[in-house]
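Shown here: final-v3.csv, CSV, N, CA and C atoms.
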```csv
chain,number,residue,atom,x,y,z
A,496,MET,N,-9.9,-2.5,-9.3
A,496,MET,CA,-11.0,-2.7,-8.4
A,496,MET,C,-11.8,-3.9,-8.7
A,497,SER,N,-11.6,-4.9,-7.9
A,497,SER,CA,-12.3,-6.2,-8.1
A,497,SER,C,-13.5,-6.3,-7.2
A,498,LEU,N,-14.3,-7.3,-7.5
A,498,LEU,CA,-15.4,-7.6,-6.6
A,498,LEU,C,-14.9,-8.4,-5.4
A,499,ASP,N,-15.6,-8.1,-4.3
A,499,ASP,CA,-15.3,-8.9,-3.0
A,499,ASP,C,-16.3,-10.0,-3.0
A,500,VAL,N,-15.9,-11.2,-3.5
A,500,VAL,CA,-16.8,-12.3,-3.6
A,500,VAL,C,-16.8,-13.2,-2.4
A,501,PRO,N,-17.9,-13.3,-1.7
A,501,PRO,CA,-18.0,-14.1,-0.5
A,501,PRO,C,-17.7,-15.6,-0.9
A,502,ALA,N,-17.1,-16.3,0.0
A,502,ALA,CA,-16.7,-17.7,-0.2
A,502,ALA,C,-17.8,-18.5,-0.7
A,503,ALA,N,-19.0,-18.4,-0.1
A,503,ALA,CA,-20.1,-19.2,-0.4
A,503,ALA,C,-20.6,-18.9,-1.9
A,504,LEU,N,-20.5,-17.7,-2.3
A,504,LEU,CA,-20.9,-17.3,-3.6
A,504,LEU,C,-19.9,-17.9,-4.6
A,505,LEU,N,-18.6,-17.8,-4.3
A,505,LEU,CA,-17.6,-18.3,-5.2
A,505,LEU,C,-17.8,-19.8,-5.3
A,506,GLU,N,-18.1,-20.5,-4.2
A,506,GLU,CA,-18.3,-22.0,-4.3
A,506,GLU,C,-19.5,-22.3,-5.2
A,507,ARG,N,-20.6,-21.5,-5.1
A,507,ARG,CA,-21.7,-21.8,-6.0
A,507,ARG,C,-21.3,-21.5,-7.5
A,508,ALA,N,-20.5,-20.5,-7.7
A,508,ALA,CA,-20.1,-20.2,-9.1
A,508,ALA,C,-19.2,-21.3,-9.6
A,509,GLU,N,-18.4,-21.9,-8.8
A,509,GLU,CA,-17.6,-23.0,-9.2
A,509,GLU,C,-18.4,-24.3,-9.6
A,510,ARG,N,-19.5,-24.4,-8.9
A,510,ARG,CA,-20.4,-25.6,-9.2
A,510,ARG,C,-21.4,-25.3,-10.4
A,511,GLY,N,-21.6,-24.1,-10.7
A,511,GLY,CA,-22.5,-23.8,-11.8
A,511,GLY,C,-22.9,-22.3,-11.8
A,512,ASP,N,-24.1,-22.1,-12.4
A,512,ASP,CA,-24.5,-20.7,-12.5
A,512,ASP,C,-24.9,-20.1,-11.2
A,513,VAL,N,-24.8,-18.8,-11.1
A,513,VAL,CA,-25.2,-18.0,-10.0
A,513,VAL,C,-26.4,-17.1,-10.5
A,514,ASP,N,-27.4,-16.9,-9.7
A,514,ASP,CA,-28.5,-16.1,-10.1
A,514,ASP,C,-28.1,-14.6,-10.1
A,515,ASP,N,-28.9,-13.8,-10.8
A,515,ASP,CA,-28.6,-12.4,-10.9
A,515,ASP,C,-28.7,-11.7,-9.6
A,516,ALA,N,-29.6,-12.0,-8.8
A,516,ALA,CA,-29.8,-11.4,-7.5
A,516,ALA,C,-28.5,-11.5,-6.6
A,517,GLU,N,-28.0,-12.7,-6.6
A,517,GLU,CA,-26.7,-12.9,-5.8
A,517,GLU,C,-25.6,-12.1,-6.4
A,518,PHE,N,-25.5,-12.1,-7.7
A,518,PHE,CA,-24.4,-11.4,-8.4
A,518,PHE,C,-24.6,-9.9,-8.2
A,519,VAL,N,-25.8,-9.3,-8.3
A,519,VAL,CA,-26.0,-7.9,-8.1
A,519,VAL,C,-25.7,-7.5,-6.7
A,520,ASP,N,-26.1,-8.3,-5.8
A,520,ASP,CA,-25.8,-8.0,-4.4
A,520,ASP,C,-24.3,-8.0,-4.1
A,521,CYS,N,-23.5,-8.8,-4.8
A,521,CYS,CA,-22.1,-8.8,-4.7
A,521,CYS,C,-21.5,-7.5,-5.2
A,522,VAL,N,-22.1,-7.1,-6.4
A,522,VAL,CA,-21.7,-5.8,-7.0
A,522,VAL,C,-22.0,-4.6,-6.1
A,523,LYS,N,-23.2,-4.6,-5.5
A,523,LYS,CA,-23.6,-3.6,-4.6
A,523,LYS,C,-22.7,-3.4,-3.4
A,524,ASN,N,-22.3,-4.5,-2.8
A,524,ASN,CA,-21.4,-4.5,-1.7
A,524,ASN,C,-20.0,-4.2,-2.0
A,525,SER,N,-19.5,-4.6,-3.2
A,525,SER,CA,-18.1,-4.5,-3.6
A,525,SER,C,-17.9,-3.1,-4.2
A,526,LEU,N,-18.8,-2.5,-4.9
A,526,LEU,CA,-18.6,-1.3,-5.6
A,526,LEU,C,-19.7,-0.2,-5.2
A,527,PRO,N,-19.7,0.2,-3.9
A,527,PRO,CA,-20.7,1.0,-3.4
A,527,PRO,C,-20.9,2.4,-4.1
A,528,TYR,N,-19.8,3.0,-4.5
A,528,TYR,CA,-19.9,4.3,-5.2
A,528,TYR,C,-20.6,4.1,-6.5
A,529,ALA,N,-20.2,3.1,-7.3
A,529,ALA,CA,-20.8,2.8,-8.6
A,529,ALA,C,-22.2,2.5,-8.4
A,530,TRP,N,-22.6,1.7,-7.4
A,530,TRP,CA,-24.0,1.3,-7.1
A,530,TRP,C,-24.8,2.6,-6.8
A,531,GLU,N,-24.2,3.5,-6.0
A,531,GLU,CA,-24.9,4.8,-5.7
A,531,GLU,C,-25.2,5.6,-7.0
A,532,VAL,N,-24.2,5.7,-7.8
A,532,VAL,CA,-24.3,6.5,-9.0
A,532,VAL,C,-25.4,5.9,-9.9
A,533,VAL,N,-25.3,4.6,-10.2
A,533,VAL,CA,-26.2,4.0,-11.1
A,533,VAL,C,-27.7,4.0,-10.5
A,534,SER,N,-27.8,3.8,-9.2
A,534,SER,CA,-29.1,3.8,-8.6
A,534,SER,C,-29.7,5.2,-8.6
A,535,ARG,N,-28.9,6.2,-8.4
A,535,ARG,CA,-29.4,7.6,-8.5
A,535,ARG,C,-29.8,8.0,-9.9
A,536,VAL,N,-29.0,7.6,-10.9
A,536,VAL,CA,-29.4,7.9,-12.3
A,536,VAL,C,-30.7,7.2,-12.7
A,537,VAL,N,-30.8,6.0,-12.3
A,537,VAL,CA,-32.0,5.2,-12.6
A,537,VAL,C,-33.2,5.8,-11.9
A,538,GLY,N,-33.1,6.2,-10.7
A,538,GLY,CA,-34.1,6.9,-9.9
A,538,GLY,C,-34.6,8.2,-10.6
A,539,GLU,N,-33.6,8.9,-11.1
A,539,GLU,CA,-33.9,10.2,-11.8
A,539,GLU,C,-34.6,9.9,-13.1
A,540,LEU,N,-34.2,8.9,-13.8
A,540,LEU,CA,-34.9,8.5,-15.0
A,540,LEU,C,-36.4,8.2,-14.7
A,541,HIS,N,-36.6,7.3,-13.7
A,541,HIS,CA,-38.0,6.9,-13.4
A,541,HIS,C,-38.9,8.0,-12.8
A,542,SER,N,-38.2,9.0,-12.2
A,542,SER,CA,-39.0,10.1,-11.6
A,542,SER,C,-39.2,11.3,-12.4
A,543,GLY,N,-38.5,11.3,-13.6
A,543,GLY,CA,-38.5,12.5,-14.4
A,543,GLY,C,-39.3,12.3,-15.7
A,544,ALA,N,-39.4,13.3,-16.5
A,544,ALA,CA,-40.0,13.2,-17.8
A,544,ALA,C,-39.1,13.2,-19.0
A,545,ASP,N,-37.8,13.3,-18.7
A,545,ASP,CA,-36.8,13.3,-19.7
A,545,ASP,C,-36.6,12.0,-20.3
A,546,GLU,N,-36.0,11.9,-21.6
A,546,GLU,CA,-35.8,10.7,-22.3
A,546,GLU,C,-34.7,9.8,-21.7
A,547,TYR,N,-33.8,10.5,-20.9
A,547,TYR,CA,-32.8,9.7,-20.2
A,547,TYR,C,-32.3,10.6,-19.0
A,548,ALA,N,-31.6,9.9,-18.1
A,548,ALA,CA,-31.0,10.7,-17.0
A,548,ALA,C,-29.5,10.3,-17.0
A,549,ASP,N,-28.7,11.3,-16.6
A,549,ASP,CA,-27.2,11.0,-16.6
A,549,ASP,C,-26.5,11.7,-15.5
A,550,ASN,N,-25.4,11.2,-15.1
A,550,ASN,CA,-24.5,11.7,-14.1
A,550,ASN,C,-23.4,12.6,-14.7
A,551,THR,N,-23.3,13.8,-14.3
A,551,THR,CA,-22.3,14.7,-14.8
A,551,THR,C,-21.3,15.1,-13.7
A,552,ILE,N,-21.4,14.5,-12.5
A,552,ILE,CA,-20.6,14.8,-11.4
A,552,ILE,C,-19.4,13.9,-11.4
A,553,ALA,N,-18.2,14.5,-11.4
A,553,ALA,CA,-17.0,13.7,-11.4
A,553,ALA,C,-16.8,12.9,-10.0
A,554,PRO,N,-16.3,11.7,-10.1
A,554,PRO,CA,-16.1,11.0,-8.8
A,554,PRO,C,-15.2,11.8,-7.9
A,555,PRO,N,-15.4,11.6,-6.6
A,555,PRO,CA,-14.6,12.4,-5.6
A,555,PRO,C,-13.1,12.0,-5.5
A,556,ASP,N,-12.8,10.8,-5.9
A,556,ASP,CA,-11.4,10.3,-5.8
A,556,ASP,C,-11.1,9.2,-6.8
A,557,ASP,N,-9.9,8.7,-6.8
A,557,ASP,CA,-9.5,7.6,-7.7
A,557,ASP,C,-10.2,6.3,-7.4
A,558,LYS,N,-10.4,6.1,-6.1
A,558,LYS,CA,-11.1,4.8,-5.7
A,558,LYS,C,-12.5,4.8,-6.3
A,559,ALA,N,-13.2,5.9,-6.1
A,559,ALA,CA,-14.6,6.0,-6.7
A,559,ALA,C,-14.6,5.9,-8.2
A,560,ARG,N,-13.6,6.5,-8.8
A,560,ARG,CA,-13.5,6.5,-10.3
A,560,ARG,C,-13.3,5.1,-10.7
A,561,GLY,N,-12.4,4.4,-10.0
A,561,GLY,CA,-12.1,3.0,-10.4
A,561,GLY,C,-13.3,2.1,-10.2
A,562,GLU,N,-14.1,2.3,-9.2
A,562,GLU,CA,-15.4,1.5,-9.1
A,562,GLU,C,-16.3,1.7,-10.3
A,563,LEU,N,-16.5,3.0,-10.7
A,563,LEU,CA,-17.4,3.2,-11.8
A,563,LEU,C,-16.8,2.7,-13.1
A,564,LEU,N,-15.6,2.8,-13.3
A,564,LEU,CA,-15.0,2.2,-14.5
A,564,LEU,C,-15.1,0.7,-14.5
A,565,ARG,N,-14.9,0.0,-13.4
A,565,ARG,CA,-15.0,-1.4,-13.2
A,565,ARG,C,-16.4,-1.9,-13.5
A,566,ALA,N,-17.4,-1.2,-13.0
A,566,ALA,CA,-18.8,-1.5,-13.1
A,566,ALA,C,-19.2,-1.4,-14.6
A,567,LEU,N,-18.8,-0.3,-15.2
A,567,LEU,CA,-19.3,-0.1,-16.6
A,567,LEU,C,-18.5,-0.7,-17.7
A,568,ALA,N,-17.2,-1.1,-17.4
A,568,ALA,CA,-16.3,-1.7,-18.3
A,568,ALA,C,-16.6,-3.2,-18.4
A,569,SER,N,-17.1,-3.8,-17.4
A,569,SER,CA,-17.4,-5.2,-17.4
A,569,SER,C,-18.7,-5.6,-18.0
A,570,ASP,N,-18.7,-6.4,-19.0
A,570,ASP,CA,-20.0,-6.8,-19.6
A,570,ASP,C,-20.9,-7.4,-18.6
A,571,ALA,N,-20.3,-8.3,-17.8
A,571,ALA,CA,-21.1,-9.0,-16.8
A,571,ALA,C,-21.7,-8.1,-15.7
A,572,ILE,N,-20.9,-7.2,-15.2
A,572,ILE,CA,-21.4,-6.2,-14.2
A,572,ILE,C,-22.5,-5.3,-14.8
A,573,ARG,N,-22.1,-4.7,-15.9
A,573,ARG,CA,-23.0,-3.8,-16.6
A,573,ARG,C,-24.3,-4.5,-16.9
A,574,GLY,N,-24.2,-5.7,-17.5
A,574,GLY,CA,-25.4,-6.5,-17.8
A,574,GLY,C,-26.3,-6.8,-16.6
A,575,GLY,N,-25.6,-7.2,-15.5
A,575,GLY,CA,-26.4,-7.4,-14.3
A,575,GLY,C,-27.1,-6.2,-13.8
A,576,LEU,N,-26.4,-5.1,-13.8
A,576,LEU,CA,-27.1,-3.8,-13.4
A,576,LEU,C,-28.2,-3.5,-14.3
A,577,GLU,N,-28.0,-3.6,-15.6
A,577,GLU,CA,-29.1,-3.3,-16.5
A,577,GLU,C,-30.3,-4.2,-16.3
A,578,ARG,N,-30.1,-5.5,-16.1
A,578,ARG,CA,-31.2,-6.4,-15.9
A,578,ARG,C,-31.9,-6.1,-14.5
A,579,HIS,N,-31.1,-5.8,-13.5
A,579,HIS,CA,-31.7,-5.5,-12.2
A,579,HIS,C,-32.6,-4.3,-12.2
A,580,PHE,N,-32.1,-3.2,-12.9
A,580,PHE,CA,-32.8,-1.9,-12.9
A,580,PHE,C,-33.8,-1.8,-14.1
A,581,GLY,N,-33.7,-2.7,-15.1
A,581,GLY,CA,-34.6,-2.7,-16.2
A,581,GLY,C,-34.3,-1.5,-17.1
A,582,VAL,N,-33.0,-1.1,-17.3
A,582,VAL,CA,-32.6,0.0,-18.2
A,582,VAL,C,-31.5,-0.4,-19.0
A,583,LYS,N,-31.1,0.5,-19.9
A,583,LYS,CA,-29.9,0.4,-20.7
A,583,LYS,C,-29.0,1.5,-20.2
A,584,LEU,N,-27.8,1.1,-19.8
A,584,LEU,CA,-26.8,2.0,-19.4
A,584,LEU,C,-25.8,2.4,-20.5
A,585,ALA,N,-25.4,3.6,-20.5
A,585,ALA,CA,-24.4,4.1,-21.5
A,585,ALA,C,-23.4,4.9,-20.7
A,586,PHE,N,-22.2,4.9,-21.2
A,586,PHE,CA,-21.0,5.4,-20.5
A,586,PHE,C,-20.1,6.1,-21.4
A,587,GLN,N,-19.8,7.4,-21.1
A,587,GLN,CA,-19.0,8.2,-22.0
A,587,GLN,C,-17.5,8.5,-21.5
A,588,ASN,N,-17.4,8.6,-20.2
A,588,ASN,CA,-16.0,8.9,-19.7
A,588,ASN,C,-16.0,8.4,-18.3
A,589,CYS,N,-15.1,8.9,-17.5
A,589,CYS,CA,-14.9,8.4,-16.1
A,589,CYS,C,-16.1,8.7,-15.2
A,590,HIS,N,-17.1,9.4,-15.6
A,590,HIS,CA,-18.2,9.6,-14.7
A,590,HIS,C,-19.5,9.8,-15.5
A,591,ARG,N,-19.6,10.0,-16.7
A,591,ARG,CA,-20.8,10.3,-17.4
A,591,ARG,C,-21.6,9.0,-17.7
A,592,VAL,N,-22.4,8.6,-16.8
A,592,VAL,CA,-23.2,7.4,-16.9
A,592,VAL,C,-24.6,7.8,-17.2
A,593,ALA,N,-25.3,7.2,-18.1
A,593,ALA,CA,-26.7,7.5,-18.4
A,593,ALA,C,-27.5,6.3,-18.4
A,594,ALA,N,-28.8,6.5,-18.0
A,594,ALA,CA,-29.7,5.4,-18.0
A,594,ALA,C,-30.8,5.8,-19.0
A,595,PHE,N,-31.2,4.8,-19.8
A,595,PHE,CA,-32.2,4.9,-20.8
A,595,PHE,C,-33.3,3.9,-20.6
A,596,PRO,N,-34.5,4.2,-20.9
A,596,PRO,CA,-35.5,3.1,-20.9
A,596,PRO,C,-35.1,2.1,-22.0
A,597,LEU,N,-35.4,0.8,-21.8
A,597,LEU,CA,-35.1,-0.2,-22.8
A,597,LEU,C,-35.7,0.1,-24.2
A,598,ALA,N,-36.9,0.7,-24.2
A,598,ALA,CA,-37.6,1.0,-25.4
A,598,ALA,C,-36.9,2.1,-26.3
A,599,SER,N,-36.0,2.8,-25.6
A,599,SER,CA,-35.3,3.9,-26.4
A,599,SER,C,-34.1,3.4,-27.1
A,600,VAL,N,-33.6,2.2,-26.8
A,600,VAL,CA,-32.4,1.7,-27.5
A,600,VAL,C,-32.7,1.6,-29.0
A,601,GLY,N,-31.8,2.2,-29.7
A,601,GLY,CA,-31.9,2.3,-31.2
A,601,GLY,C,-32.6,3.6,-31.6
A,602,GLY,N,-33.2,4.3,-30.7
A,602,GLY,CA,-33.9,5.5,-31.0
A,602,GLY,C,-32.9,6.7,-31.2
A,603,GLU,N,-33.4,7.8,-31.6
A,603,GLU,CA,-32.5,8.9,-32.0
A,603,GLU,C,-31.7,9.5,-30.8
A,604,THR,N,-32.4,9.6,-29.6
A,604,THR,CA,-31.7,10.2,-28.4
A,604,THR,C,-30.6,9.2,-28.0
A,605,TYR,N,-30.9,8.0,-27.8
A,605,TYR,CA,-29.9,7.0,-27.4
A,605,TYR,C,-28.8,6.9,-28.4
A,606,SER,N,-29.1,6.8,-29.7
A,606,SER,CA,-28.1,6.7,-30.7
A,606,SER,C,-27.2,8.0,-30.8
A,607,THR,N,-27.7,9.1,-30.5
A,607,THR,CA,-26.9,10.4,-30.4
A,607,THR,C,-26.0,10.3,-29.2
A,608,PHE,N,-26.5,9.9,-28.1
A,608,PHE,CA,-25.7,9.8,-26.8
A,608,PHE,C,-24.5,8.9,-27.0
A,609,ILE,N,-24.7,7.8,-27.7
A,609,ILE,CA,-23.6,6.8,-27.8
A,609,ILE,C,-22.8,7.0,-29.0
A,610,SER,N,-23.0,8.0,-29.8
A,610,SER,CA,-22.3,8.2,-31.0
A,610,SER,C,-20.8,8.7,-30.8
A,611,THR,N,-20.0,8.5,-31.8
A,611,THR,CA,-18.6,8.9,-31.8
A,611,THR,C,-18.6,10.4,-31.7
A,612,ARG,N,-19.5,11.1,-32.3
A,612,ARG,CA,-19.5,12.6,-32.2
A,612,ARG,C,-19.8,13.0,-30.8
A,613,ALA,N,-20.7,12.4,-30.1
A,613,ALA,CA,-21.0,12.8,-28.7
A,613,ALA,C,-19.8,12.5,-27.9
A,614,GLN,N,-19.1,11.4,-28.1
A,614,GLN,CA,-17.9,11.0,-27.3
A,614,GLN,C,-16.9,12.1,-27.5
A,615,LEU,N,-16.6,12.5,-28.7
A,615,LEU,CA,-15.6,13.6,-29.0
A,615,LEU,C,-16.0,14.9,-28.3
A,616,LEU,N,-17.3,15.3,-28.4
A,616,LEU,CA,-17.8,16.5,-27.9
A,616,LEU,C,-17.8,16.5,-26.4
A,617,ASN,N,-17.8,15.4,-25.7
A,617,ASN,CA,-17.8,15.3,-24.3
A,617,ASN,C,-16.4,15.3,-23.7
A,618,GLN,N,-15.4,15.5,-24.5
A,618,GLN,CA,-14.0,15.5,-23.9
A,618,GLN,C,-13.6,16.9,-23.6
A,619,SER,N,-12.7,16.9,-22.6
A,619,SER,CA,-12.1,18.2,-22.3
A,619,SER,C,-10.7,17.9,-21.7
A,620,PRO,N,-9.8,18.9,-21.7
A,620,PRO,CA,-8.5,18.6,-21.2
A,620,PRO,C,-8.4,18.1,-19.7
A,621,GLU,N,-9.4,18.5,-18.9
A,621,GLU,CA,-9.3,18.0,-17.5
A,621,GLU,C,-9.8,16.6,-17.4
A,622,LEU,N,-10.4,16.0,-18.4
A,622,LEU,CA,-10.9,14.6,-18.4
A,622,LEU,C,-9.9,13.7,-19.1
A,623,ARG,N,-8.8,14.3,-19.6
A,623,ARG,CA,-7.9,13.5,-20.4
A,623,ARG,C,-7.4,12.3,-19.7
A,624,ASN,N,-7.1,12.4,-18.4
A,624,ASN,CA,-6.5,11.3,-17.7
A,624,ASN,C,-7.5,10.6,-16.7
A,625,CYS,N,-8.7,10.8,-16.9
A,625,CYS,CA,-9.7,10.1,-16.0
A,625,CYS,C,-10.0,8.7,-16.4
```

Written form, structure tokens:
Amino acid sequence: MSLDVPAALLERAERGDVDDAEFVDCVKNSLPYAWEVVSRVVGELHSGADEYADNTIAPPDDKARGELLRALASDAIRGGLERHFGVKLAFQNCHRVAAFPLASVGGETYSTFISTRAQLLNQSPELRNC
């Protein structure tokens, strides 16, 4: 799942840097399912009292799963989303995306969520091929 980069944006990138707003807009338009999941999780973080918010709903199909994997596996895309929303994103499997306040990075809850132990405990046979 690649980004659908408009010709004008590609030309600007060839000439030099592209600002985050243009890049994030490209991500939003290219990966709508991933954008929806991240937006929803960030909204839940900001509207709730919990230390973080996460998505535990599996993607509806392989296309959606591919979008989420593409968004979270790319340092550039993940970084753009984090800067746009002002959060730290964490990712455990094909759908478990979490949003943390930036101030919690390095804290106990964040460190526990991204730990190898949490990764192992979050596995199940049905997620093996996701």

Query raised in the report: Excluding same-chain residues fewer than 2 positions from segment 585-594 of chain A, what lies within 7 Å of it counting all atoms listed in the file, as a list in words?
Result: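 Non-adjacent residues within range: Val536, Val537, Leu540, Glu546, Tyr547, Ala548, Asp549, Asn550, Thr551, Ile552, Ala553, Pro554, Arg560, Leu563, Leu564, Leu567, Val582, Lys583, Pro596, Ile609, Gln614 and Cys625 of chain A.
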
Query - For atom CA of Glu517 of chain A and atom CA of Leu504 of chain A, the interatomic separation in Å (one decimal) - result: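 That distance, rounded to one decimal, is 7.6 Å.
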
Requested in this report: Name the residues of segment 568-602 of chain A that fall into strand (DSSP E or B) according to DSSP on the backbone, using the chain letters and numbers of this document, as an MDAnalysis selection string.
Outcome: chainID A and resid 582:586 592:596

Query raised in the report: How far is it from atom N of Val600 of chain A to atom N of Pro527 of chain A, in Å with one decimal?
Result: 26.9 Å
